[in-house]
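Asker: File my_file_3.csv follows (CSV, C-alpha atoms):
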```
chain,number,residue,atom,x,y,z
A,27,MET,CA,0.0,0.0,0.0
A,28,GLY,CA,1.8,3.2,1.1
A,29,ALA,CA,5.2,3.5,2.7
A,30,GLY,CA,5.4,5.2,6.1
A,31,HIS,CA,6.6,8.8,6.5
A,32,ASP,CA,9.9,9.7,8.1
A,33,HIS,CA,9.1,13.2,9.4
A,34,ALA,CA,12.1,15.1,10.7
A,35,HIS,CA,11.8,18.7,11.7
A,36,ASP,CA,15.2,20.3,11.3
A,37,HIS,CA,16.6,22.5,14.0
A,38,ALA,CA,20.0,20.9,13.7
A,39,GLY,CA,22.7,23.0,12.1
A,40,HIS,CA,21.4,26.3,13.5
A,41,SER,CA,20.7,27.9,16.8
A,42,HIS,CA,17.3,29.4,17.6
A,43,GLY,CA,18.8,32.8,16.6
A,44,PRO,CA,19.8,33.1,13.0
A,45,LYS,CA,23.3,33.7,11.7
A,46,LEU,CA,24.1,37.4,11.9
A,47,THR,CA,24.8,39.4,8.8
A,48,ALA,CA,27.4,42.0,8.7
A,49,GLY,CA,24.8,44.7,9.4
A,50,ASP,CA,23.2,42.7,12.2
A,51,THR,CA,26.2,42.0,14.5
A,52,PRO,CA,26.2,43.4,18.1
A,53,GLU,CA,28.9,45.9,17.0
A,54,ALA,CA,26.8,47.1,14.1
A,55,ARG,CA,23.7,47.5,16.3
A,56,ARG,CA,25.6,49.4,18.9
A,57,SER,CA,27.0,51.7,16.1
A,58,LYS,CA,23.4,52.3,14.8
A,59,GLU,CA,22.2,52.9,18.4
A,60,ARG,CA,25.0,55.5,19.0
A,61,ALA,CA,24.2,57.2,15.7
A,62,ILE,CA,20.5,57.6,16.5
A,63,LEU,CA,21.2,58.9,20.0
A,64,THR,CA,23.7,61.5,18.6
A,65,ALA,CA,21.2,62.6,16.0
A,66,ALA,CA,18.5,62.9,18.7
A,67,VAL,CA,20.7,65.1,20.9
A,68,LEU,CA,21.6,67.4,17.9
A,69,THR,CA,18.0,67.7,16.8
A,70,GLY,CA,16.5,68.2,20.3
A,71,GLY,CA,19.2,70.7,21.2
A,72,PHE,CA,18.3,73.0,18.3
A,73,MET,CA,14.6,72.5,18.2
A,74,GLY,CA,13.8,75.1,20.9
A,75,ALA,CA,15.7,77.8,19.1
A,76,GLU,CA,13.9,77.1,15.8
A,77,VAL,CA,10.5,77.2,17.5
A,78,ILE,CA,11.3,80.6,19.0
A,79,GLY,CA,12.7,81.8,15.7
A,80,GLY,CA,9.7,80.7,13.8
A,81,LEU,CA,7.2,82.3,16.2
A,82,VAL,CA,9.2,85.6,16.4
A,83,SER,CA,9.8,85.8,12.6
A,84,ASN,CA,6.2,84.5,11.8
A,85,SER,CA,7.7,82.0,9.3
A,86,LEU,CA,5.7,78.9,8.4
A,87,ALA,CA,8.8,77.4,6.8
A,88,LEU,CA,10.6,77.7,10.1
A,89,LEU,CA,7.7,76.5,12.2
A,90,ALA,CA,7.2,73.5,9.8
A,91,ASP,CA,10.9,72.7,10.2
A,92,ALA,CA,10.5,73.1,14.0
A,93,GLY,CA,7.5,70.7,13.9
A,94,HIS,CA,9.7,68.3,11.9
A,95,MET,CA,12.3,68.6,14.6
A,96,LEU,CA,9.9,68.0,17.4
A,97,THR,CA,8.6,64.8,15.9
A,98,ASP,CA,12.1,63.9,14.8
A,99,PHE,CA,13.3,64.1,18.3
A,100,ALA,CA,10.5,61.9,19.5
A,101,SER,CA,11.0,59.5,16.6
A,102,LEU,CA,14.7,59.3,17.1
A,103,MET,CA,14.2,58.5,20.8
A,104,LEU,CA,11.7,55.9,19.8
A,105,ALA,CA,14.2,54.4,17.4
A,106,TRP,CA,16.9,54.5,20.0
A,107,PHE,CA,14.6,52.8,22.5
A,108,ALA,CA,13.9,50.1,19.9
A,109,PHE,CA,17.6,49.3,19.7
A,110,ARG,CA,17.9,49.2,23.4
A,111,LEU,CA,14.9,46.9,23.7
A,112,ALA,CA,16.3,44.6,21.0
A,113,ARG,CA,19.3,43.9,23.3
A,114,ARG,CA,17.0,41.9,25.5
A,115,PRO,CA,17.5,38.2,24.9
A,116,ALA,CA,14.7,35.9,23.5
A,117,ASP,CA,12.6,34.1,26.1
A,118,TRP,CA,9.9,31.4,26.1
A,119,LYS,CA,7.3,34.0,25.4
A,120,ARG,CA,9.1,35.9,22.7
A,121,THR,CA,11.3,33.3,21.0
A,122,TYR,CA,12.5,35.8,18.4
A,123,GLY,CA,13.4,38.4,20.9
A,124,PHE,CA,12.4,42.1,20.6
A,125,ASP,CA,13.9,43.0,17.2
A,126,ARG,CA,10.5,43.4,15.6
A,127,PHE,CA,9.9,46.5,17.8
A,128,SER,CA,12.4,48.4,15.6
A,129,VAL,CA,10.1,47.7,12.6
A,130,LEU,CA,7.1,48.9,14.6
A,131,ALA,CA,9.1,52.1,15.5
A,132,ALA,CA,9.8,52.7,11.8
A,133,PHE,CA,6.1,52.3,11.0
A,134,VAL,CA,5.1,54.8,13.7
A,135,ASN,CA,7.8,57.2,12.5
A,136,GLY,CA,6.5,57.0,8.9
A,137,LEU,CA,2.9,57.7,10.1
A,138,ALA,CA,4.2,60.7,12.0
A,139,LEU,CA,5.7,62.2,8.8
A,140,PHE,CA,2.2,62.0,7.2
A,141,ALA,CA,0.7,63.8,10.2
A,142,ILE,CA,3.2,66.6,9.9
A,143,ALA,CA,2.6,66.8,6.2
A,144,VAL,CA,-1.1,67.3,6.7
A,145,TRP,CA,-0.6,70.0,9.2
A,146,VAL,CA,1.9,71.9,7.0
A,147,LEU,CA,-0.4,71.6,4.0
A,148,LEU,CA,-3.4,73.0,5.8
A,149,GLU,CA,-1.4,75.9,7.3
A,150,ALA,CA,0.2,76.6,3.9
A,151,LEU,CA,-3.3,76.8,2.2
A,152,GLN,CA,-4.4,79.2,4.9
A,153,ARG,CA,-1.3,81.4,4.3
A,154,LEU,CA,-1.7,81.3,0.5
A,155,ARG,CA,-5.2,82.8,1.0
A,156,ASP,CA,-4.0,85.2,3.7
A,157,PRO,CA,-0.3,86.0,3.4
A,158,HIS,CA,1.5,86.8,6.7
A,159,GLU,CA,4.4,89.2,7.2
A,160,VAL,CA,7.7,87.4,7.7
A,161,MET,CA,10.9,88.7,9.2
A,162,GLY,CA,13.3,87.5,6.5
A,163,GLY,CA,16.6,88.4,8.4
A,164,LEU,CA,15.8,86.5,11.6
A,165,MET,CA,14.4,83.6,9.5
A,166,LEU,CA,17.6,83.3,7.5
A,167,TRP,CA,20.0,83.0,10.5
A,168,VAL,CA,17.8,80.5,12.3
A,169,ALA,CA,17.4,78.4,9.1
A,170,ILE,CA,21.2,78.4,8.6
A,171,GLY,CA,21.7,77.1,12.1
A,172,GLY,CA,19.1,74.4,11.5
A,173,LEU,CA,20.8,73.4,8.3
A,174,VAL,CA,24.1,72.9,10.0
A,175,VAL,CA,22.5,70.8,12.7
A,176,ASN,CA,20.5,68.7,10.3
A,177,ILE,CA,23.6,68.1,8.0
A,178,LEU,CA,25.5,66.8,11.0
A,179,ALA,CA,22.6,64.6,12.2
A,180,PHE,CA,22.0,63.2,8.7
A,181,TRP,CA,25.7,62.5,8.2
A,182,VAL,CA,25.8,60.5,11.4
A,183,LEU,CA,22.8,58.5,10.5
A,184,SER,CA,23.7,57.9,6.9
A,185,ARG,CA,27.0,56.3,8.0
A,186,ALA,CA,25.2,53.8,10.1
A,187,GLU,CA,22.1,53.2,8.0
A,188,GLY,CA,22.9,50.0,6.0
A,189,ASP,CA,19.6,48.0,5.5
A,190,ASN,CA,18.0,48.8,8.8
A,191,LEU,CA,14.5,50.1,8.3
A,192,ASN,CA,14.4,51.8,11.7
A,193,VAL,CA,17.6,53.9,11.0
A,194,ARG,CA,16.3,54.6,7.5
A,195,ALA,CA,13.0,56.0,8.9
A,196,ALA,CA,15.0,58.2,11.4
A,197,ALA,CA,17.2,59.4,8.5
A,198,LEU,CA,14.2,60.3,6.5
A,199,HIS,CA,12.9,62.5,9.4
A,200,VAL,CA,16.2,64.3,9.5
A,201,MET,CA,16.3,64.6,5.7
A,202,GLY,CA,12.9,66.3,6.0
A,203,ASP,CA,14.4,68.7,8.4
A,204,LEU,CA,17.4,69.3,6.2
A,205,LEU,CA,15.2,70.1,3.2
A,206,GLY,CA,13.0,72.2,5.4
A,207,SER,CA,16.0,74.3,6.4
A,208,VAL,CA,17.1,74.7,2.8
A,209,ALA,CA,13.6,75.8,1.9
A,210,ALA,CA,13.6,78.3,4.8
A,211,ILE,CA,16.9,79.7,3.7
A,212,VAL,CA,15.7,80.1,0.1
A,213,ALA,CA,12.4,81.6,1.3
A,214,SER,CA,14.1,84.1,3.6
A,215,LEU,CA,16.4,85.3,0.8
A,216,VAL,CA,13.5,85.8,-1.5
A,217,ILE,CA,11.6,87.7,1.1
A,218,ILE,CA,14.7,89.9,1.9
A,219,TRP,CA,15.3,90.6,-1.8
A,220,THR,CA,11.8,90.9,-3.1
A,221,GLY,CA,9.4,91.1,-0.2
A,222,TRP,CA,7.3,88.3,-1.8
A,223,MET,CA,5.8,86.5,1.3
A,224,LEU,CA,4.0,83.7,-0.6
A,225,ILE,CA,7.4,82.0,-1.2
A,226,ASP,CA,7.3,80.8,2.5
A,227,PRO,CA,4.2,78.6,2.2
A,228,ILE,CA,4.9,77.5,-1.4
A,229,LEU,CA,8.4,76.1,-0.5
A,230,SER,CA,6.9,74.5,2.6
A,231,VAL,CA,4.5,72.6,0.4
A,232,LEU,CA,7.3,71.5,-1.9
A,233,VAL,CA,9.3,70.1,0.9
A,234,VAL,CA,6.3,68.2,2.3
A,235,LEU,CA,5.7,66.6,-1.1
A,236,LEU,CA,9.3,65.4,-1.3
A,237,ILE,CA,9.1,63.9,2.1
A,238,LEU,CA,5.8,62.1,1.6
A,239,ARG,CA,7.3,60.0,-1.2
A,240,SER,CA,10.0,58.6,1.1
A,241,ALA,CA,7.6,58.3,4.1
A,242,TRP,CA,5.3,56.1,2.0
A,243,ALA,CA,8.2,53.8,1.1
A,244,VAL,CA,9.0,53.4,4.8
A,245,VAL,CA,5.4,52.7,5.8
A,246,ARG,CA,5.0,50.3,2.9
A,247,GLU,CA,8.1,48.3,3.8
A,248,SER,CA,7.4,48.2,7.5
A,249,VAL,CA,3.8,47.1,7.0
A,250,HIS,CA,5.1,44.4,4.6
A,251,ILE,CA,7.4,43.0,7.4
A,252,LEU,CA,4.7,43.3,10.1
A,253,LEU,CA,2.3,41.3,7.8
A,254,GLU,CA,5.0,38.6,7.5
A,255,GLY,CA,5.5,39.3,3.8
A,256,ALA,CA,8.3,37.5,1.9
A,257,PRO,CA,11.7,39.2,1.8
A,258,ALA,CA,12.5,41.2,-1.3
A,259,GLY,CA,13.3,39.0,-4.3
A,260,PHE,CA,12.0,35.8,-2.6
A,261,ASP,CA,9.7,33.7,-4.8
A,262,ALA,CA,8.4,30.6,-3.1
A,263,ARG,CA,7.5,29.0,-6.5
A,264,ALA,CA,11.0,29.5,-7.9
A,265,VAL,CA,12.6,28.2,-4.7
A,266,ALA,CA,10.6,25.0,-4.8
A,267,ALA,CA,11.3,24.4,-8.5
A,268,ASP,CA,15.0,25.1,-8.0
A,269,LEU,CA,15.3,22.6,-5.2
A,270,GLU,CA,13.4,19.9,-7.1
A,271,ALA,CA,15.7,20.4,-10.1
A,272,ASN,CA,19.1,20.9,-8.5
A,273,VAL,CA,19.2,19.0,-5.1
A,274,THR,CA,19.7,15.2,-5.5
A,275,GLY,CA,17.1,13.2,-3.6
A,276,VAL,CA,14.4,15.9,-3.5
A,277,THR,CA,11.3,14.8,-5.3
A,278,ARG,CA,9.1,17.6,-4.2
A,279,ALA,CA,9.4,20.9,-2.3
A,280,HIS,CA,6.3,22.5,-0.9
A,281,HIS,CA,4.8,24.6,1.9
A,282,VAL,CA,7.6,27.1,1.3
A,283,HIS,CA,7.3,30.2,3.5
A,284,ALA,CA,9.6,33.1,4.1
A,285,TRP,CA,9.3,36.2,6.3
A,286,SER,CA,11.5,38.7,8.1
A,287,ILE,CA,11.9,39.6,11.8
A,288,THR,CA,13.7,42.7,10.6
A,289,GLN,CA,15.2,43.6,7.2
A,290,GLU,CA,18.4,42.0,8.4
A,291,ARG,CA,16.8,38.8,9.7
A,292,PRO,CA,15.0,36.9,6.9
A,293,MET,CA,13.8,33.4,7.7
A,294,ALA,CA,12.3,30.5,5.7
A,295,THR,CA,10.6,27.2,6.3
A,296,LEU,CA,9.7,24.5,3.9
A,297,GLU,CA,8.8,20.8,3.5
A,298,ILE,CA,10.5,18.4,1.1
A,299,ASP,CA,9.7,14.9,0.0
A,300,ILE,CA,12.7,12.7,-0.7
A,301,ALA,CA,13.3,9.6,-2.7
A,302,PRO,CA,12.9,6.3,-0.8
A,303,ASP,CA,16.6,5.5,-1.0
A,304,ALA,CA,17.7,9.0,-0.1
A,305,VAL,CA,19.2,9.8,3.3
A,306,ALA,CA,17.5,12.7,5.1
A,307,ASP,CA,20.6,13.7,7.0
A,308,ASP,CA,22.4,14.2,3.6
A,309,VAL,CA,19.6,15.9,1.7
A,310,ARG,CA,18.6,18.3,4.5
A,311,PRO,CA,21.9,20.2,4.7
A,312,ALA,CA,22.1,20.3,0.9
A,313,VAL,CA,18.6,21.9,0.8
A,314,LYS,CA,19.6,24.5,3.4
A,315,GLU,CA,22.8,25.3,1.5
A,316,ARG,CA,21.0,25.7,-1.8
A,317,VAL,CA,18.4,28.0,-0.3
A,318,ARG,CA,21.2,30.1,1.2
A,319,GLU,CA,23.0,30.3,-2.1
A,320,THR,CA,19.9,31.3,-4.1
A,321,THR,CA,18.1,33.6,-1.7
A,322,GLY,CA,20.8,34.6,0.9
A,323,ILE,CA,18.6,33.4,3.8
A,324,GLU,CA,20.7,31.8,6.5
A,325,HIS,CA,18.0,30.7,8.9
A,326,VAL,CA,16.1,27.9,7.1
A,327,THR,CA,14.0,25.2,8.8
A,328,VAL,CA,13.4,22.0,6.7
A,329,GLU,CA,10.9,19.3,7.4
A,330,VAL,CA,11.6,16.0,5.6
A,331,ALA,CA,9.3,13.2,4.5
A,332,LYS,CA,9.9,10.0,2.5
A,333,SER,CA,8.1,9.9,-0.8
A,334,SER,CA,5.3,7.3,-0.8
A,335,THR,CA,5.9,4.3,-3.1
A,336,ARG,CA,3.5,1.7,-4.5
A,337,ARG,CA,4.1,-2.0,-3.9
A,338,GLY,CA,2.9,-4.5,-6.5
```
Any chance you could put this one into structure tokens?

Answerer:
Amino acid sequence: MGAGHDHAHDHAGHSHGPKLTAGDTPEARRSKERAILTAAVLTGGFMGAEVIGGLVSNSLALLADAGHMLTDFASLMLAWFAFRLARRPADWKRTYGFDRFSVLAAFVNGLALFAIAVWVLLEALQRLRDPHEVMGGLMLWVAIGGLVVNILAFWVLSRAEGDNLNVRAAALHVMGDLLGSVAAIVASLVIIWTGWMLIDPILSVLVVLLILRSAWAVVRESVHILLEGAPAGFDARAVAADLEANVTGVTRAHHVHAWSITQERPMATLEIDIAPDAVADDVRPAVKERVRETTGIEHVTVEVAKSSTRRG
């Protein structure tokens, strides 16, 4: 009739934590953590000055940039806390540890950018209908100071970014500030030279539109990870077909699943049927190695079953 099944669920060959990529080592994480904290200190330190400057000069561009800085400071601290939390080891309740919190932080930061954008757009529309007098000179000096601070913060974050979605979201916040400072400088110069006040809300809107595109990318990627979407470039159908065609002893590959704890921690599970004369302990490592070569995923769990045969 049918042969029995030799099910073996593979946890041999890897620990319950995946192999770390170069961007996911403890040293790399500490570097990202320091970069985010440094950027938070720089941003928070200048935020108060920009709020005062925006209120005194009556500049929407400065206030928009200060609003960015306020949420940036909160977002950077959230990102920093996510890295601190991720240091905690996995336990029986959270077998993958706390790394996923960094993806959640990136998602929240992306939504915060949308909230800022809505506020700036509404205020800009109001000012386009009813232009406000702006003190161009004060606006210029405050904007220059903000530009210097934002360049430093962005430089620190860009050096540590790599593939980490949390750091990328934080860098986008700072990039928004940087562009906001540039817009404020341009607006202040136009006001000083021409007295045209509408340049202030117009440039604010342009900056917001630039930031929204990047914010959407961060939200989309973080949601994809939170919904257990497959890592970029992973095609379960192609992986199954490749294993069946290129790994000796594999007669069928199925139930192929892949997801990511964070961008740096992709994982995969699959089931394979092997020929009756194949040895599971030989086929299993070959399957894991093939998946690693074709997808780059180091943490692969393989369940093995003997193919059924008919007896005459």

Asker: Could you pull the residues within 9 Å of Gly255 (chain A), counting all atoms listed in the file, minus those fewer than 4 positions along the same chain, as a PDB file with C-alpha atoms, in the frame of the given file?

Answerer:
```pdb
ATOM      1  CA  VAL A 249       3.800  47.100   7.000  1.00  0.00           C
ATOM      2  CA  HIS A 250       5.100  44.400   4.600  1.00  0.00           C
ATOM      3  CA  ILE A 251       7.400  43.000   7.400  1.00  0.00           C
ATOM      4  CA  ALA A 284       9.600  33.100   4.100  1.00  0.00           C
ATOM      5  CA  TRP A 285       9.300  36.200   6.300  1.00  0.00           C
ATOM      6  CA  SER A 286      11.500  38.700   8.100  1.00  0.00           C
TER       7      SER A 286
END
```

Asker: Quick one: distance from CA of Ala209 (chain A) to CA of Leu166 (chain A) in Å, one decimal?

Answerer: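 Value for the CA of Ala209 (chain A)-CA of Leu166 (chain A) distance: 10.2 Å.
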
Asker: Give me the residues near Ala100 (chain A) as a list in words, where near means some atom within 9 Å (using only C-alpha atoms) and where sequence neighbours in that chain fewer than 6 positions away do not count.

Answerer: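 Skipping anything fewer than 6 positions along the chain leaves Ala66, Gly70 and Asn135 of chain A.
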
Asker: So that I can check the surroundings of Leu252 (chain A), please list as JSON, numbers by chain every protein, DNA and RNA residue that reaches within 12 Å of it, counting all atoms listed in the file and ignoring chain neighbours fewer than 3 positions away.

Answerer: {"A": [125, 126, 127, 128, 129, 130, 131, 132, 133, 245, 246, 247, 248, 249, 255, 256, 257, 285, 286, 287, 288, 289]}

Asker: State, in Å with one decimal place, the distance from CA of Val82 (chain A) to CA of Ser214 (chain A).

Answerer: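 So the answer is 13.8 Å.
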
Asker: Report as a JSON list (two decimals) with C-alpha atoms, in the coordinates of the input all protein, DNA and RNA residues lying within 12 Å of Leu151 (chain A), evaluated on all atoms listed in the file, omitting residues in the same chain fewer than 2 positions from it.

Answerer:
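Output file selection_25.json follows:
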```json
[["chain", "number", "residue", "atom", "x", "y", "z"],
["A", 86, "LEU", "CA", 5.70, 78.90, 8.40],
["A", 144, "VAL", "CA", -1.10, 67.30, 6.70],
["A", 145, "TRP", "CA", -0.60, 70.00, 9.20],
["A", 146, "VAL", "CA", 1.90, 71.90, 7.00],
["A", 147, "LEU", "CA", -0.40, 71.60, 4.00],
["A", 148, "LEU", "CA", -3.40, 73.00, 5.80],
["A", 149, "GLU", "CA", -1.40, 75.90, 7.30],
["A", 153, "ARG", "CA", -1.30, 81.40, 4.30],
["A", 154, "LEU", "CA", -1.70, 81.30, 0.50],
["A", 155, "ARG", "CA", -5.20, 82.80, 1.00],
["A", 156, "ASP", "CA", -4.00, 85.20, 3.70],
["A", 157, "PRO", "CA", -0.30, 86.00, 3.40],
["A", 158, "HIS", "CA", 1.50, 86.80, 6.70],
["A", 224, "LEU", "CA", 4.00, 83.70, -0.60],
["A", 226, "ASP", "CA", 7.30, 80.80, 2.50],
["A", 227, "PRO", "CA", 4.20, 78.60, 2.20],
["A", 228, "ILE", "CA", 4.90, 77.50, -1.40],
["A", 230, "SER", "CA", 6.90, 74.50, 2.60],
["A", 231, "VAL", "CA", 4.50, 72.60, 0.40]]
```

Asker: Smallest atom-to-atom distance to Gly322 (chain A): which of A:Leu111, A:Ala306, A:Ala294, A:Val234, using all atoms listed in the file?

Answerer: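 Among the listed residues, A:Ala294 lies closest to Gly322 (chain A).
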
Asker: Can you work out which one of A:Ala179, A:Ala197, A:Leu89, A:Ala243 has the shortest atom-to-atom distance to Ala210 (chain A), counting only C-alpha atoms?

Answerer: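 Nearest to Ala210 (chain A): A:Leu89.
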
Asker: Would you mind reading off the distance between CA of Lys58 (chain A) and CA of Arg110 (chain A), one decimal, in Å?

Answerer: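 Computing it gives 10.7 Å between the two atoms.
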
Asker: Closest to Val330 (chain A) among A:Pro115, A:Gly80, A:Gly275, A:Gly171, using only C-alpha atoms?

Answerer: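 Closest to Val330 (chain A) of all the choices is A:Gly275.
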
Asker: Which polymer residues have any atom within 10 Å of an atom of Gly221 (chain A), counting all atoms listed in the file, with same-chain residues fewer than 6 positions away left out, as a PyMOL selection string?

Answerer: chain A and resi 159-162+214-215

Asker: Quick one: of A:His283, A:Arg56, A:Arg291, A:Arg194, who's nearest to Glu324 (chain A), counting all atoms listed in the file?

Answerer: A:Arg291

Asker: Would you compute the box with edges along x, y and z of the file around region 230-249 of chain A, including every atom the file lists for it and 8 Å extra on each side, and give its centre and edge lengths in Å to one decimal, as JSON?

Answerer:
```
{"center_x": 6.9, "center_y": 60.8, "center_z": 2.8, "size_x": 22.2, "size_y": 43.4, "size_z": 25.4}
```
